[in-house]
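Heads up: the structure comes next, in structure tokens.
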Amino acid sequence: MLLGETTMAGLPGRLLSVFLDLPGAALYTRIKATADAAHTRSRAATERSVSIAQATAVATAAARRSQLDALEQAQAALAELARHSSAPSASEAAAEVARLASALADAEDAWAGTNRDYRRARAARQADEKALNDHRESALAWALFHGLDPATCPRCETPVAAERKAREAEQHQCAVCTAPLPLLAAPAVGAAESGSGVGGAVGNGVDGASELRADADGPDEAGEASDEVEAELNAAWQASSAAELAARSALEGAEADTAGLTAQLQGAEETLRQARDAVDTRERAALELSVARAEGALSVLPSEDTAAGSPVDVDADALVLAALTEELKLDLNAQARRALDALGAEIVILAHEFGISSITDVQVDRRAALKITKGGASASSFSAQSPGERLRLRLATILALLRVGQRLGIATHPGLLMLDSLKAEEVQDSDARTVLRALTQAAMQTPGLQIITTSADETLPVGHLDPQAIIKPLAGASTVW
């Protein structure tokens, strides 16, 4: 590995982000950790929900199957009972009784309304008939009294003088009370129309009225008006009579309907009594109850497709955090590209100084992974290099981080570099001296950098470091401490 010895949770990439001091790196790290935790919780909750949904679907399917079996058995038993029993079904008979009772109630309401209409029509016919009779009786009375020739006053029996009778004939003054006689002709009276049953013959009174009307100079228009009134009254009576007949016919039809429904209801009630008195009624009722119970249970149980396809609750927090992490990652990648490109170029320079002259290009990504190109060959990974090259590339990467950080104004590295057993990965002494010489130059070129390295070879630093910078074991000792 390029940075550290632990790859878990992308630790090398996080160290690289910290060393480069990328804007938003700390925020991205915190959000990423929170999003990962939320995703873990959401996945666990989803698995629990799926498990519960599957268990519920299995239980629901078993319950539906049980109820369907019970329903089929009860229906089959009912059918078998119906084939071997002549008694009607109590439930069907009760339903028929309820239907007929409701129909009878509606029919009785209709009969009551029709009866009210008939009574109103009969009252209207009676009123029209009375008005026509009154008019005709008035005409008969007029003709009767005006056809009389009184000899004395009807109250005091004073004889009526001849001159009064003459004035009555000439001046139209009453011979009894001397009041002016109305110049109105007597209403036409006579026998009633055939089949009307109203009025009657007046006899001689009609002729007397006709003679009086002929003797008087009364206008014919008055007689015509009286005839028109009688015609109107007669027409009204005829119309109300026809309406009464129609209402009577409707009433009789309503009475027939009510009587028919009453008879049907009585028959249905008798059928219900027979069904209740039957020997197998209790068994039939139990089977019908079993059918109703099974149908009710199936109506409330969800179908198998619905139970299996129950939606799983979505963790909105996990979705939001995942989207936020992705956005921060894109933004962080865009900001890190400039620093990573500069870091790769600096690693190439330092690799050449450390003796790896074949390297032509180094690409660093945010995972702290290297793609190393040597000559015209294809890029290879960091782990594909030799142990010595990996050590030198690590050193080159650390020093490149310091130089790029200084150039870009990043000061996140403490400036202390400690190397243990410099010759542990280098077989040739010349390679180790090359690395030491490059480290010495890097320390002098990088302000604030301190490098501490160890080696069992006491001759290695001689000639490359200031004697005051070399710490040796005391005389007679093989180790410093």
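A note on labels: chains of the structure tokens are A, B, ... as shown, every chain counts residues from 1, and ligands are counted from 1 in their shown order.
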
Neighbours of region 449-460 of chain A within 6 Å (only C-alpha atoms; same-chain residues fewer than 4 positions away dropped), as a compact mmCIF listing (two decimals) with all heavy atoms, in the first residue's frame?
```
# COMPACT_ATOMS: atom_id res chain seq x y z
N GLY A 415 5.81 17.88 9.04
CA GLY A 415 7.19 18.16 8.63
C GLY A 415 8.22 17.20 9.23
O GLY A 415 9.42 17.48 9.14
N LEU A 416 7.80 16.12 9.79
CA LEU A 416 8.70 15.13 10.38
C LEU A 416 8.51 13.81 9.64
O LEU A 416 7.41 13.28 9.58
CB LEU A 416 8.40 14.94 11.86
CG LEU A 416 9.24 13.86 12.57
CD1 LEU A 416 10.73 14.21 12.51
CD2 LEU A 416 8.79 13.68 14.00
N LEU A 417 9.64 13.29 9.07
CA LEU A 417 9.61 12.05 8.31
C LEU A 417 10.56 11.07 8.97
O LEU A 417 11.76 11.35 9.09
CB LEU A 417 10.02 12.29 6.85
CG LEU A 417 10.01 11.09 5.92
CD1 LEU A 417 8.63 10.47 5.85
CD2 LEU A 417 10.49 11.49 4.52
N MET A 418 10.04 9.91 9.39
CA MET A 418 10.85 8.92 10.08
C MET A 418 10.88 7.64 9.23
O MET A 418 9.84 7.11 8.85
CB MET A 418 10.28 8.61 11.46
CG MET A 418 10.20 9.83 12.36
SD MET A 418 9.50 9.46 14.00
CE MET A 418 10.81 8.45 14.67
N LEU A 419 12.15 7.17 8.95
CA LEU A 419 12.34 5.99 8.12
C LEU A 419 13.11 4.95 8.93
O LEU A 419 14.20 5.24 9.43
CB LEU A 419 13.10 6.33 6.84
CG LEU A 419 12.51 7.44 5.97
CD1 LEU A 419 13.43 7.76 4.80
CD2 LEU A 419 11.15 7.03 5.46
N ASP A 420 12.55 3.78 9.02
CA ASP A 420 13.20 2.71 9.80
C ASP A 420 13.89 1.73 8.84
O ASP A 420 13.25 1.26 7.89
CB ASP A 420 12.16 1.99 10.64
CG ASP A 420 12.81 0.94 11.54
OD1 ASP A 420 14.01 1.06 11.81
OD2 ASP A 420 12.07 0.03 11.96
N SER A 421 15.16 1.45 9.11
CA SER A 421 15.92 0.45 8.34
C SER A 421 15.88 0.76 6.87
O SER A 421 15.18 0.12 6.08
CB SER A 421 15.37 -0.95 8.61
OG SER A 421 16.20 -1.91 8.00
N LEU A 422 16.64 1.77 6.51
CA LEU A 422 16.65 2.24 5.14
C LEU A 422 17.05 1.15 4.15
O LEU A 422 16.56 1.09 3.03
CB LEU A 422 17.60 3.45 5.02
CG LEU A 422 17.62 4.17 3.67
CD1 LEU A 422 16.24 4.71 3.34
CD2 LEU A 422 18.65 5.29 3.69
N ALA A 443 15.51 17.33 2.03
CA ALA A 443 15.44 18.04 3.30
C ALA A 443 15.97 19.45 3.19
O ALA A 443 15.43 20.39 3.81
CB ALA A 443 16.19 17.27 4.37
```

_I want to know what sits within 10 Å of region 252-267 of chain A, based on only C-alpha atoms, with residues of the same chain fewer than 6 positions away left out; could you give that as an NGL selection string?_
:A and (96-115 or 246 or 273)

Which residues are near His352 (chain A)? Cut-off 12 Å, only C-alpha atoms, ignore same chain within fewer than 2 positions. Put them as a tab-separated table (two decimals) with all heavy atoms, in the first residue's frame.
```tsv
chain	number	residue	atom	x	y	z
A	345	ALA	N	3.09	14.77	-11.00
A	345	ALA	CA	4.29	15.30	-11.68
A	345	ALA	C	5.47	15.38	-10.71
A	345	ALA	O	6.63	15.08	-11.08
A	345	ALA	CB	3.98	16.67	-12.28
A	346	GLU	N	5.24	15.78	-9.47
A	346	GLU	CA	6.31	15.89	-8.49
A	346	GLU	C	6.84	14.50	-8.12
A	346	GLU	O	8.06	14.33	-7.88
A	346	GLU	CB	5.80	16.60	-7.25
A	346	GLU	CG	6.88	17.06	-6.29
A	346	GLU	CD	7.76	18.14	-6.89
A	346	GLU	OE1	7.26	18.94	-7.71
A	346	GLU	OE2	8.96	18.18	-6.55
A	347	ILE	N	5.98	13.50	-8.06
A	347	ILE	CA	6.43	12.13	-7.77
A	347	ILE	C	7.37	11.64	-8.86
A	347	ILE	O	8.37	10.96	-8.59
A	347	ILE	CB	5.21	11.20	-7.60
A	347	ILE	CG1	4.45	11.53	-6.32
A	347	ILE	CG2	5.65	9.73	-7.56
A	347	ILE	CD1	3.16	10.75	-6.15
A	348	VAL	N	7.05	11.94	-10.13
A	348	VAL	CA	7.93	11.54	-11.24
A	348	VAL	C	9.32	12.15	-11.05
A	348	VAL	O	10.36	11.48	-11.21
A	348	VAL	CB	7.31	11.96	-12.58
A	348	VAL	CG1	8.31	11.72	-13.72
A	348	VAL	CG2	6.03	11.18	-12.84
A	349	ILE	N	9.39	13.42	-10.70
A	349	ILE	CA	10.69	14.09	-10.52
A	349	ILE	C	11.47	13.43	-9.39
A	349	ILE	O	12.67	13.12	-9.51
A	349	ILE	CB	10.47	15.59	-10.25
A	349	ILE	CG1	9.84	16.27	-11.47
A	349	ILE	CG2	11.77	16.26	-9.86
A	349	ILE	CD1	9.43	17.70	-11.25
A	350	LEU	N	10.80	13.21	-8.25
A	350	LEU	CA	11.49	12.61	-7.11
A	350	LEU	C	11.86	11.15	-7.38
A	350	LEU	O	12.90	10.66	-6.91
A	350	LEU	CB	10.59	12.69	-5.87
A	350	LEU	CG	10.40	14.10	-5.30
A	350	LEU	CD1	9.31	14.11	-4.24
A	350	LEU	CD2	11.72	14.61	-4.71
A	354	PHE	N	15.44	9.44	-7.04
A	354	PHE	CA	15.67	8.25	-6.24
A	354	PHE	C	16.18	7.07	-7.07
A	354	PHE	O	16.29	5.95	-6.57
A	354	PHE	CB	14.40	7.82	-5.50
A	354	PHE	CG	14.02	8.75	-4.38
A	354	PHE	CD1	12.73	8.78	-3.91
A	354	PHE	CD2	14.97	9.58	-3.80
A	354	PHE	CE1	12.37	9.62	-2.87
A	354	PHE	CE2	14.61	10.42	-2.76
A	354	PHE	CZ	13.33	10.46	-2.30
A	355	GLY	N	16.43	7.32	-8.33
A	355	GLY	CA	17.04	6.28	-9.16
A	355	GLY	C	16.08	5.48	-10.00
A	355	GLY	O	16.49	4.50	-10.63
A	356	ILE	N	14.80	5.83	-10.05
A	356	ILE	CA	13.85	5.10	-10.90
A	356	ILE	C	13.63	5.96	-12.15
A	356	ILE	O	12.62	6.66	-12.28
A	356	ILE	CB	12.53	4.82	-10.17
A	356	ILE	CG1	12.77	4.28	-8.76
A	356	ILE	CG2	11.68	3.83	-10.95
A	356	ILE	CD1	11.51	4.07	-7.95
A	357	SER	N	14.58	5.92	-13.03
A	357	SER	CA	14.54	6.81	-14.20
A	357	SER	C	13.60	6.33	-15.28
A	357	SER	O	13.27	7.09	-16.21
A	357	SER	CB	15.96	6.93	-14.78
A	357	SER	OG	16.44	5.64	-15.14
A	358	SER	N	13.12	5.10	-15.20
A	358	SER	CA	12.23	4.57	-16.25
A	358	SER	C	10.79	5.09	-16.13
A	358	SER	O	10.00	4.93	-17.06
A	358	SER	CB	12.22	3.04	-16.19
A	358	SER	OG	11.75	2.59	-14.93
A	359	ILE	N	10.45	5.67	-15.01
A	359	ILE	CA	9.08	6.18	-14.83
A	359	ILE	C	8.87	7.44	-15.66
A	359	ILE	O	9.65	8.39	-15.58
A	359	ILE	CB	8.80	6.46	-13.34
A	359	ILE	CG1	8.80	5.15	-12.54
A	359	ILE	CG2	7.45	7.16	-13.18
A	359	ILE	CD1	8.55	5.34	-11.07
A	360	THR	N	7.81	7.41	-16.47
A	360	THR	CA	7.51	8.58	-17.32
A	360	THR	C	6.24	9.31	-16.87
A	360	THR	O	6.07	10.49	-17.19
A	360	THR	CB	7.33	8.13	-18.78
A	360	THR	OG1	6.28	7.14	-18.85
A	360	THR	CG2	8.63	7.54	-19.31
A	361	ASP	N	5.37	8.62	-16.16
A	361	ASP	CA	4.13	9.29	-15.73
A	361	ASP	C	3.58	8.57	-14.51
A	361	ASP	O	3.68	7.34	-14.40
A	361	ASP	CB	3.08	9.28	-16.85
A	361	ASP	CG	1.83	10.03	-16.47
A	361	ASP	OD1	1.92	11.25	-16.22
A	361	ASP	OD2	0.75	9.40	-16.39
A	362	VAL	N	3.01	9.37	-13.61
A	362	VAL	CA	2.35	8.82	-12.42
A	362	VAL	C	1.00	9.53	-12.26
A	362	VAL	O	0.95	10.77	-12.24
A	362	VAL	CB	3.20	9.02	-11.15
A	362	VAL	CG1	2.41	8.58	-9.92
A	362	VAL	CG2	4.49	8.22	-11.25
A	374	LYS	N	5.92	3.26	-17.23
A	374	LYS	CA	7.36	3.17	-17.47
A	374	LYS	C	7.60	3.03	-18.95
A	374	LYS	O	7.16	2.04	-19.57
A	374	LYS	CB	7.97	1.97	-16.73
A	374	LYS	CG	7.93	2.07	-15.22
A	374	LYS	CD	8.59	0.86	-14.59
A	374	LYS	CE	8.59	0.96	-13.07
A	374	LYS	NZ	9.23	-0.24	-12.44
A	389	GLU	N	11.53	-0.38	-5.22
A	389	GLU	CA	10.82	0.69	-5.92
A	389	GLU	C	9.61	1.15	-5.12
A	389	GLU	O	9.29	2.35	-5.11
A	389	GLU	CB	10.38	0.20	-7.30
A	389	GLU	CG	11.54	0.04	-8.28
A	389	GLU	CD	11.10	-0.54	-9.60
A	389	GLU	OE1	10.02	-1.17	-9.66
A	389	GLU	OE2	11.83	-0.37	-10.60
A	392	ARG	N	10.93	3.53	-2.43
A	392	ARG	CA	11.30	4.82	-2.99
A	392	ARG	C	10.06	5.60	-3.45
A	392	ARG	O	10.00	6.83	-3.35
A	392	ARG	CB	12.29	4.63	-4.14
A	392	ARG	CG	13.72	4.38	-3.64
A	392	ARG	CD	14.67	4.10	-4.77
A	392	ARG	NE	14.67	2.69	-5.12
A	392	ARG	CZ	15.39	2.16	-6.11
A	392	ARG	NH1	16.17	2.95	-6.82
A	392	ARG	NH2	15.33	0.87	-6.38
A	393	LEU	N	9.08	4.89	-3.98
A	393	LEU	CA	7.85	5.59	-4.39
A	393	LEU	C	7.09	6.12	-3.18
A	393	LEU	O	6.47	7.18	-3.26
A	393	LEU	CB	6.95	4.64	-5.20
A	393	LEU	CG	7.39	4.39	-6.64
A	393	LEU	CD1	6.55	3.29	-7.28
A	393	LEU	CD2	7.29	5.67	-7.47
A	396	ALA	N	8.95	9.16	-2.25
A	396	ALA	CA	8.69	10.21	-3.24
A	396	ALA	C	7.30	10.80	-3.05
A	396	ALA	O	7.11	12.02	-3.19
A	396	ALA	CB	8.81	9.62	-4.65
A	434	THR	N	21.88	6.12	-2.90
A	434	THR	CA	21.14	7.02	-3.79
A	434	THR	C	19.91	7.57	-3.09
A	434	THR	O	19.60	8.76	-3.16
A	434	THR	CB	20.72	6.28	-5.06
A	434	THR	OG1	21.88	5.81	-5.74
A	434	THR	CG2	19.92	7.19	-5.99
A	435	VAL	N	19.21	6.70	-2.37
A	435	VAL	CA	18.01	7.14	-1.65
A	435	VAL	C	18.39	8.12	-0.56
A	435	VAL	O	17.72	9.15	-0.36
A	435	VAL	CB	17.26	5.92	-1.07
A	435	VAL	CG1	16.13	6.38	-0.16
A	435	VAL	CG2	16.72	5.05	-2.18
A	438	ALA	N	19.22	11.48	-2.01
A	438	ALA	CA	18.02	12.19	-2.44
A	438	ALA	C	17.26	12.74	-1.24
A	438	ALA	O	16.70	13.85	-1.29
A	438	ALA	CB	17.12	11.26	-3.25
```

*What gap, in Å, lies between CA of Ser430 (chain A) and CA of Thr479 (chain A)?*
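CA of Thr479 (chain A) lies 23.9 Å from CA of Ser430 (chain A).
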
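Minimum distance to Asp128 (chain A) across A:Gln173, A:Thr60, A:Thr34, A:Ser240 (counting only C-alpha atoms) occurs at A:Ser240.
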
_Would you compute the distance between CA of Arg394 (chain A) and CA of Ser380 (chain A)? Give it in Å to one decimal._
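So the answer is 15.6 Å.
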
*Could you pull out the helix (DSSP H, G or I) residues of region 295-474 of chain A from DSSP and send them as a ChimeraX atom specification?*
/A:295-300,304-308,316-353,382-384,387-408,422-424,429-445,467-469

_If you run DSSP on the backbone here, which positions in region 221-460 of chain A get strand (DSSP E)? Please write them as a ChimeraX atom specification._
/A:359-364,370-374,380-381,416-419,450-453

I need the chosen residues saved as a short mmCIF file (atom, residue, chain, number, x, y, z; two decimals), in the first residue's frame, with C-alpha atoms.
```cif
data_model
loop_
_atom_site.label_atom_id
_atom_site.label_comp_id
_atom_site.auth_asym_id
_atom_site.auth_seq_id
_atom_site.Cartn_x
_atom_site.Cartn_y
_atom_site.Cartn_z
CA ILE A 359 9.08 6.18 -14.83
CA THR A 360 7.51 8.58 -17.32
CA ASP A 361 4.13 9.29 -15.73
CA VAL A 362 2.35 8.82 -12.42
CA GLN A 363 -1.39 9.27 -11.91
CA VAL A 364 -2.75 9.59 -8.36
CA LEU A 370 -0.94 5.02 -8.20
CA LYS A 371 -0.94 4.23 -11.91
CA ILE A 372 2.71 4.09 -12.94
CA THR A 373 3.82 4.27 -16.55
CA LYS A 374 7.36 3.17 -17.47
CA SER A 380 0.80 -0.68 -13.79
CA SER A 381 -0.22 -0.51 -10.16
CA LEU A 416 8.70 15.13 10.38
CA LEU A 417 9.61 12.05 8.31
CA MET A 418 10.85 8.92 10.08
CA LEU A 419 12.34 5.99 8.12
CA GLN A 450 13.12 16.95 9.34
CA ILE A 451 14.06 13.40 8.35
CA ILE A 452 15.16 10.69 10.79
CA THR A 453 16.34 7.36 9.39
#
```

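If only C-alpha atoms are the atoms counted, then among A:Ala275, A:Ala323, A:Ala292, A:Pro150 the closest residue to Ala94 (chain A) is A:Ala275.
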
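What separates CA of Gly409 (chain A) from CA of Asp341 (chain A) is a distance of 16.0 Å.
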